[in-house]
file input32.txt (compact mmCIF, C-alpha atoms (C1' of nucleotides))
# COMPACT_ATOMS: atom_id res chain seq x y z
CA MET A 787 0.00 0.00 0.00
CA GLU A 788 1.68 3.15 -1.21
CA LYS A 789 1.33 6.16 1.00
CA ALA A 790 2.78 9.64 1.06
CA PHE A 791 5.55 10.50 3.47
CA SER A 792 5.70 14.01 4.91
CA ILE A 793 8.54 15.39 6.98
CA ALA A 794 9.20 18.75 8.61
CA THR A 795 12.04 20.47 10.43
CA PHE A 796 11.84 23.19 13.07
CA ASN A 797 14.45 24.92 15.19
CA ALA A 798 12.35 25.50 18.33
CA ASN A 799 14.84 27.63 20.28
CA SER A 800 13.56 25.91 23.48
CA ILE A 801 10.99 23.15 23.11
CA ARG A 802 9.34 24.11 26.40
CA ALA A 803 8.81 27.72 25.30
CA ARG A 804 7.46 26.50 21.94
CA LEU A 805 5.35 23.55 23.10
CA PRO A 806 1.93 25.12 22.29
CA ILE A 807 3.17 26.05 18.80
CA ILE A 808 4.54 22.57 18.16
CA THR A 809 1.54 20.56 19.37
CA GLN A 810 -0.93 22.76 17.51
CA TRP A 811 1.18 22.56 14.36
CA LEU A 812 1.33 18.75 14.58
CA ILE A 813 -2.44 18.55 15.02
CA GLU A 814 -2.96 20.75 11.97
CA HIS A 815 -0.35 19.13 9.71
CA ARG A 816 -0.09 15.52 10.92
CA VAL A 817 3.34 15.04 9.35
CA ASP A 818 4.87 11.58 9.46
CA CYS A 819 8.02 13.01 11.01
CA LEU A 820 9.03 16.26 12.70
CA CYS A 821 12.72 16.95 13.36
CA ILE A 822 13.29 19.51 16.12
CA GLN A 823 16.53 21.33 16.96
CA GLU A 824 17.60 23.47 19.93
CA THR A 825 15.27 21.77 22.38
CA LYS A 826 17.39 23.21 25.23
CA VAL A 827 16.25 20.63 27.75
CA GLN A 828 17.78 17.70 29.60
CA ASP A 829 16.29 14.30 28.81
CA ALA A 830 14.78 13.97 32.31
CA ASP A 831 12.73 17.13 31.73
CA PHE A 832 11.67 16.48 28.10
CA PRO A 833 7.89 17.07 27.68
CA ILE A 834 7.05 13.57 26.40
CA GLN A 835 3.44 13.76 27.51
CA ALA A 836 2.59 16.72 25.27
CA PHE A 837 3.63 14.60 22.28
CA SER A 838 1.85 11.42 23.38
CA GLU A 839 -1.36 13.40 23.99
CA THR A 840 -1.01 14.67 20.41
CA GLY A 841 -0.63 11.13 19.08
CA TYR A 842 3.13 11.28 18.51
CA ASN A 843 6.02 9.15 19.63
CA VAL A 844 9.16 11.15 20.33
CA VAL A 845 12.85 10.40 20.75
CA PHE A 846 15.36 12.97 21.94
CA LYS A 847 18.84 13.73 23.16
CA GLY A 848 19.45 16.93 25.06
CA GLN A 849 21.47 18.83 27.60
CA LYS A 850 20.92 21.78 29.90
CA ALA A 851 20.43 25.22 28.26
CA TYR A 852 21.97 24.56 24.83
CA ASN A 853 21.55 22.36 21.75
CA GLY A 854 19.30 19.30 21.93
CA VAL A 855 17.52 17.41 19.12
CA ALA A 856 14.29 15.44 18.93
CA VAL A 857 12.32 13.44 16.35
CA ALA A 858 8.55 13.00 16.63
CA SER A 859 6.40 10.61 14.58
CA PRO A 860 2.99 8.95 14.82
CA HIS A 861 4.76 5.78 13.57
CA LYS A 862 7.23 3.47 15.23
CA ILE A 863 10.65 5.11 15.61
CA GLU A 864 13.44 2.53 15.32
CA ASN A 865 17.23 2.30 15.39
CA VAL A 866 17.68 5.51 17.37
CA SER A 867 21.22 6.76 17.86
CA SER A 868 22.92 10.07 18.58
CA GLY A 869 26.27 11.49 17.51
CA PHE A 870 28.39 10.42 14.56
CA GLY A 871 29.58 7.18 16.09
CA ASP A 872 33.05 7.93 14.73
CA GLY A 873 34.84 7.59 18.06
CA GLN A 874 35.25 11.36 18.31
CA ASP A 875 31.84 12.30 19.64
CA SER A 876 31.90 15.05 22.26
CA PRO A 877 28.92 15.40 24.61
CA GLU A 878 27.82 18.30 22.39
CA ASP A 879 27.93 16.16 19.24
CA MET A 880 25.51 13.76 20.95
CA THR A 881 22.96 16.57 21.39
CA ARG A 882 23.33 17.87 17.83
CA LEU A 883 22.85 14.76 15.70
CA LEU A 884 20.03 12.25 16.08
CA ARG A 885 19.39 9.36 13.70
CA CYS A 886 16.49 6.96 13.43
CA TYR A 887 14.46 4.82 11.03
CA ILE A 888 10.76 5.44 10.39
CA GLY A 889 8.66 3.25 8.10
CA GLY A 890 11.41 2.51 5.62
CA ILE A 891 13.08 5.91 5.64
CA HIS A 892 16.34 6.79 7.38
CA VAL A 893 16.00 10.12 9.17
CA VAL A 894 19.03 12.19 10.16
CA ASN A 895 18.28 15.26 12.28
CA ALA A 896 21.15 17.75 12.49
CA TYR A 897 21.78 20.93 14.44
CA VAL A 898 25.02 22.11 12.86
CA PRO A 899 27.34 24.23 15.05
CA GLN A 900 27.00 27.94 14.26
CA GLY A 901 30.72 28.69 14.40
CA LYS A 902 30.75 32.11 16.16
CA ALA A 903 33.22 33.85 13.74
CA VAL A 904 35.29 32.70 10.77
CA THR A 905 38.44 33.41 12.82
CA HIS A 906 37.19 31.38 15.82
CA PRO A 907 38.25 27.76 16.43
CA ASP A 908 34.54 26.87 16.48
CA PHE A 909 34.37 27.71 12.76
CA THR A 910 37.10 25.17 12.03
CA ARG A 911 35.12 22.66 14.08
CA LYS A 912 32.02 23.53 12.03
CA LEU A 913 33.87 22.71 8.79
CA LEU A 914 35.12 19.46 10.34
CA TRP A 915 31.57 18.72 11.50
CA PHE A 916 30.37 18.68 7.88
CA GLY A 917 33.30 16.42 7.00
CA ARG A 918 32.33 14.02 9.76
CA LEU A 919 28.72 14.12 8.55
CA ARG A 920 29.78 13.12 5.04
CA SER A 921 32.06 10.40 6.46
CA MET A 922 29.14 9.07 8.47
CA PHE A 923 27.07 8.71 5.30
CA GLU A 924 29.97 7.04 3.50
CA ARG A 925 30.42 4.62 6.39
CA SER A 926 26.84 3.78 7.36
CA TYR A 927 24.59 4.35 4.32
CA HIS A 928 24.39 4.11 0.54
CA PRO A 929 23.31 6.98 -1.77
CA ASP A 930 20.55 4.70 -3.11
CA ASP A 931 19.03 4.35 0.39
CA PRO A 932 15.95 6.47 1.12
CA ILE A 933 17.44 9.03 3.50
CA VAL A 934 16.23 12.42 4.65
CA CYS A 935 18.85 14.58 6.34
CA CYS A 936 17.26 17.70 7.69
CA GLY A 937 17.71 20.38 10.29
CA ASP A 938 19.34 23.68 11.03
CA MET A 939 22.43 23.50 8.82
CA ASN A 940 23.57 27.02 9.73
CA VAL A 941 24.58 27.54 6.09
CA ALA A 942 22.80 29.43 3.34
CA PRO A 943 23.65 27.27 0.31
CA GLY A 944 23.62 30.05 -2.28
CA ALA A 945 23.30 33.76 -2.96
CA LYS A 946 19.52 33.44 -3.27
CA ASP A 947 19.38 32.17 0.31
CA VAL A 948 20.41 35.29 2.22
CA TYR A 949 19.24 38.90 2.10
CA ALA A 950 22.60 40.57 1.37
CA PRO A 951 24.98 37.95 -0.04
CA GLU A 952 27.50 40.58 -1.16
CA ARG A 953 28.02 41.53 2.50
CA MET A 954 28.15 38.00 3.92
CA GLY A 955 31.44 36.68 2.59
CA ASN A 956 32.90 36.56 6.09
CA HIS A 957 29.76 35.36 7.82
CA VAL A 958 29.99 31.90 9.43
CA CYS A 959 26.77 30.90 7.67
CA PHE A 960 27.83 32.04 4.18
CA HIS A 961 31.66 31.96 3.95
CA GLU A 962 32.81 30.07 0.84
CA ASP A 963 34.49 27.39 2.97
CA VAL A 964 31.31 26.53 4.84
CA ARG A 965 29.24 26.46 1.65
CA ALA A 966 31.84 24.13 0.11
CA ALA A 967 31.66 21.93 3.22
CA LEU A 968 27.89 21.64 2.85
CA GLN A 969 28.26 21.01 -0.88
CA LYS A 970 30.51 18.02 -0.17
CA VAL A 971 27.69 16.48 1.86
CA LEU A 972 25.28 17.15 -1.01
CA ASP A 973 27.77 15.65 -3.47
CA TRP A 974 27.62 12.34 -1.62
CA GLY A 975 24.10 11.99 -2.97
CA PHE A 976 21.63 14.56 -1.62
CA VAL A 977 19.21 17.02 -3.19
CA ASP A 978 18.02 20.24 -1.51
CA VAL A 979 14.29 19.44 -1.78
CA PHE A 980 12.92 22.95 -1.20
CA ARG A 981 14.91 24.22 -4.20
CA LEU A 982 13.18 21.72 -6.49
CA PHE A 983 9.93 23.60 -6.01
CA HIS A 984 11.11 27.17 -5.43
CA LYS A 985 13.71 28.72 -7.74
CA GLU A 986 13.18 32.28 -6.58
CA GLU A 987 15.38 34.22 -4.15
CA GLY A 988 14.22 35.52 -0.80
CA GLN A 989 12.64 32.35 0.59
CA TYR A 990 13.90 32.27 4.17
CA THR A 991 13.53 30.02 7.22
CA PHE A 992 15.30 32.21 9.78
CA PHE A 993 14.87 35.82 10.80
CA ASP A 994 17.13 37.15 13.56
CA TYR A 995 15.21 38.34 16.62
CA ARG A 996 17.61 41.28 16.88
CA MET A 997 16.68 42.73 13.49
CA PRO A 998 13.70 45.05 13.88
CA ASP A 999 10.90 44.12 11.43
CA ALA A 1000 13.17 41.49 9.86
CA ILE A 1001 10.28 39.56 8.28
CA LYS A 1002 8.61 42.68 6.88
CA LYS A 1003 11.94 43.88 5.47
CA GLY A 1004 12.93 40.46 4.17
CA LEU A 1005 16.10 40.27 6.28
CA GLY A 1006 16.35 36.50 6.50
CA TRP A 1007 18.33 33.38 5.77
CA ARG A 1008 17.44 29.98 4.32
CA ILE A 1009 19.59 27.88 6.65
CA ASP A 1010 17.09 25.14 7.55
CA LEU A 1011 17.19 22.43 4.90
CA ILE A 1012 15.57 19.14 3.99
CA LEU A 1013 18.01 17.01 2.01
CA ALA A 1014 16.83 13.79 0.39
CA THR A 1015 18.84 11.17 -1.47
CA ARG A 1016 18.36 11.45 -5.25
CA ARG A 1017 15.94 8.60 -5.77
CA LEU A 1018 13.77 9.76 -2.90
CA ALA A 1019 14.00 13.41 -4.03
CA HIS A 1020 12.70 12.28 -7.43
CA GLU A 1021 9.48 11.36 -5.64
CA ALA A 1022 9.12 14.70 -3.84
CA VAL A 1023 5.74 16.29 -4.59
CA ASP A 1024 6.00 19.54 -2.61
CA SER A 1025 8.11 21.55 -0.18
CA TYR A 1026 7.19 24.76 1.56
CA ILE A 1027 8.05 27.16 4.37
CA ASP A 1028 5.25 27.69 6.89
CA MET A 1029 5.37 31.24 8.26
CA GLY A 1030 2.14 30.71 10.22
CA PRO A 1031 3.78 29.92 13.58
CA ARG A 1032 5.81 33.14 13.32
CA LYS A 1033 2.55 34.99 14.07
CA ALA A 1034 2.17 33.23 17.44
CA ALA A 1035 2.56 35.09 20.72
CA ARG A 1036 6.08 33.76 21.32
CA PRO A 1037 7.49 32.60 17.99
CA SER A 1038 10.81 30.91 17.37
CA ASP A 1039 13.24 32.83 15.19
CA HIS A 1040 13.00 29.90 12.72
CA THR A 1041 10.05 28.67 10.63
CA PHE A 1042 8.70 25.20 9.96
CA LEU A 1043 9.97 23.71 6.69
CA VAL A 1044 7.99 20.85 5.13
CA ALA A 1045 8.63 18.31 2.36
CA GLU A 1046 6.23 15.72 0.99
CA PHE A 1047 7.06 12.57 -0.95
CA ALA A 1048 5.04 10.00 -2.88
CA TYR A 1049 6.87 6.99 -1.58
CA ALA A 1050 6.27 3.33 -0.74
CA PHE A 1051 6.19 4.16 2.91
CA THR A 1052 5.49 1.25 5.21
CA GLY A 1053 4.77 3.21 8.41
C1' DA B 487 26.05 52.04 11.74
C1' DT B 488 29.03 47.22 14.19
C1' DG B 489 23.11 47.97 16.83
C1' DG B 490 19.10 44.69 18.10
C1' DT B 491 15.95 40.31 21.14
C1' DC B 492 15.21 36.12 22.89
C1' DG B 493 15.87 31.76 26.15
C1' DA B 494 18.07 29.44 29.94
C1' DC B 495 20.23 30.32 33.86
C1' DT B 496 23.57 32.83 36.80
C1' DC B 497 24.71 36.73 35.92
C1' DT B 498 26.36 35.78 31.07
C1' DC B 499 26.34 33.05 27.17
C1' DG B 500 24.86 31.53 22.69
C1' DA B 501 22.32 32.56 18.59

call {"tool": "encode", "arguments": {"input": "input32.txt", "output": "structure tokens"}}
result
Amino acid sequence: MEKAFSIATFNANSIRARLPIITQWLIEHRVDCLCIQETKVQDADFPIQAFSETGYNVVFKGQKAYNGVAVASPHKIENVSSGFGDGQDSPEDMTRLLRCYIGGIHVVNAYVPQGKAVTHPDFTRKLLWFGRLRSMFERSYHPDDPIVCCGDMNVAPGAKDVYAPERMGNHVCFHEDVRAALQKVLDWGFVDVFRLFHKEEGQYTFFDYRMPDAIKKGLGWRIDLILATRRLAHEAVDSYIDMGPRKAARPSDHTFLVAEFAYAFTG
DNA sequence: ATGGTCGACTCTCGA
């Protein structure tokens, strides 16, 4: 029985602060999978009940105050693991990368390190992080597998994906080195699904809280991505940014990003 | 011009 598979990604910037937005959004959209980043909560305090009451299973890996990732699905969530598993995982890596298997699809939820400044050691670690991500795919998967890798990549892939690309050459989310690092992950076998359906510039998933009237002025970034392996991407039927939750009382600085596939999904 | 606002948590950091 062939069914559609829908997946979304959302940087919550605190799952507890955004719980009403998330549960309402899940009720309205009923996606097969929601990948959440920046949950900012320890596992012992994760609001499992809000998800179960909404009809969703949820897996998560978090820490106090920073980072944290979660995957929610109405289907069985299997083979859950966190970190790269490359023997170099720091505690922070464990709360930035969460993998699982849902109804025949491999889901990789990533919260890529921001990098602070191109001159900061954290930026070097960000570039290495993309290298480790590609190595993980080389080691554990095949480009023909149905894989969705989504999350807050903290990189705008191209000039169309940021409001003033000519001024962002030294920005940690647009520097040529970080875009090349992302491209190497794509080159392994991924397609940027949103771009299949939207060729125009100015489609953003992040608007900095500190920019007054950023949304109205179009001062944003497309740094949240849904990447699908080529064969799966060929079955994509839609992808869109949902600005609706940005109108809530306490919005995240990111939007929900959705992709839908016509796929022999067994969930 | 080099700002601004959030969230978590200790008074400051990270984004």

call {"tool": "closest_residue", "arguments": {"input": "input32.txt", "among": "A:Val904, A:Leu883, A:Met1029, A:Ala967", "to": "A:Gln989", "atoms": "all atoms listed in the file"}}
result
A:Met1029

call {"tool": "interface_residues", "arguments": {"input": "input32.txt", "of": "chain B", "to": "chain A", "cutoff": "9 Å", "atoms": "all atoms listed in the file", "output": "VMD selection string"}}
result
chain B and resid 489 to 495 500 to 501

call {"tool": "residues_around", "arguments": {"input": "input32.txt", "residues": "stretch 884-898 of chain A", "least_positions_apart": "6", "cutoff": "8 Å", "atoms": "only C-alpha atoms (C1' of nucleotides)", "output": "PyMOL selection string"}}
result
chain A and resi 821-824+846-847+853+855-857+859+861-869+912+915+931-940+1051-1053

call {"tool": "axis_aligned_box", "arguments": {"input": "input32.txt", "around": "stretch 975-989 of chain A", "padding_each_side": "4 Å", "output": "AutoDock Vina command-line options"}}
result
--center_x 17.0 --center_y 23.8 --center_z -3.6 --size_x 22.2 --size_y 31.5 --size_z 16.3

call {"tool": "closest_residue", "arguments": {"input": "input32.txt", "among": "A:Leu805, A:Val1044, A:Ile793, A:Val977", "to": "A:Thr825", "atoms": "all atoms listed in the file"}}
result
A:Leu805

call {"tool": "residues_around", "arguments": {"input": "input32.txt", "residues": "A:Tyr949", "least_positions_apart": "4", "cutoff": "9 Å", "atoms": "all atoms listed in the file", "output": "JSON, numbers by chain"}}
result
{"A": [945, 987, 988, 990, 1004, 1005, 1006, 1007]}

call {"tool": "residues_around", "arguments": {"input": "input32.txt", "residues": "A:Asp829", "least_positions_apart": "2", "cutoff": "6 Å", "atoms": "only C-alpha atoms (C1' of nucleotides)", "output": "PyMOL selection string"}}
result
chain A and resi 831-832+848

call {"tool": "atom_distance", "arguments": {"input": "input32.txt", "atom1": "atom CA of A:His928", "atom2": "atom CA of A:His984"}}
result
27.3 Å

call {"tool": "closest_residue", "arguments": {"input": "input32.txt", "among": "A:Pro899, A:Gly873, A:Gly841, A:Pro929", "to": "A:Pro860", "atoms": "only C-alpha atoms"}}
result
A:Gly841

call {"tool": "atom_distance", "arguments": {"input": "input32.txt", "atom1": "atom CA of A:Ala1045", "atom2": "atom CA of A:Gly955"}}
result
29.3 Å
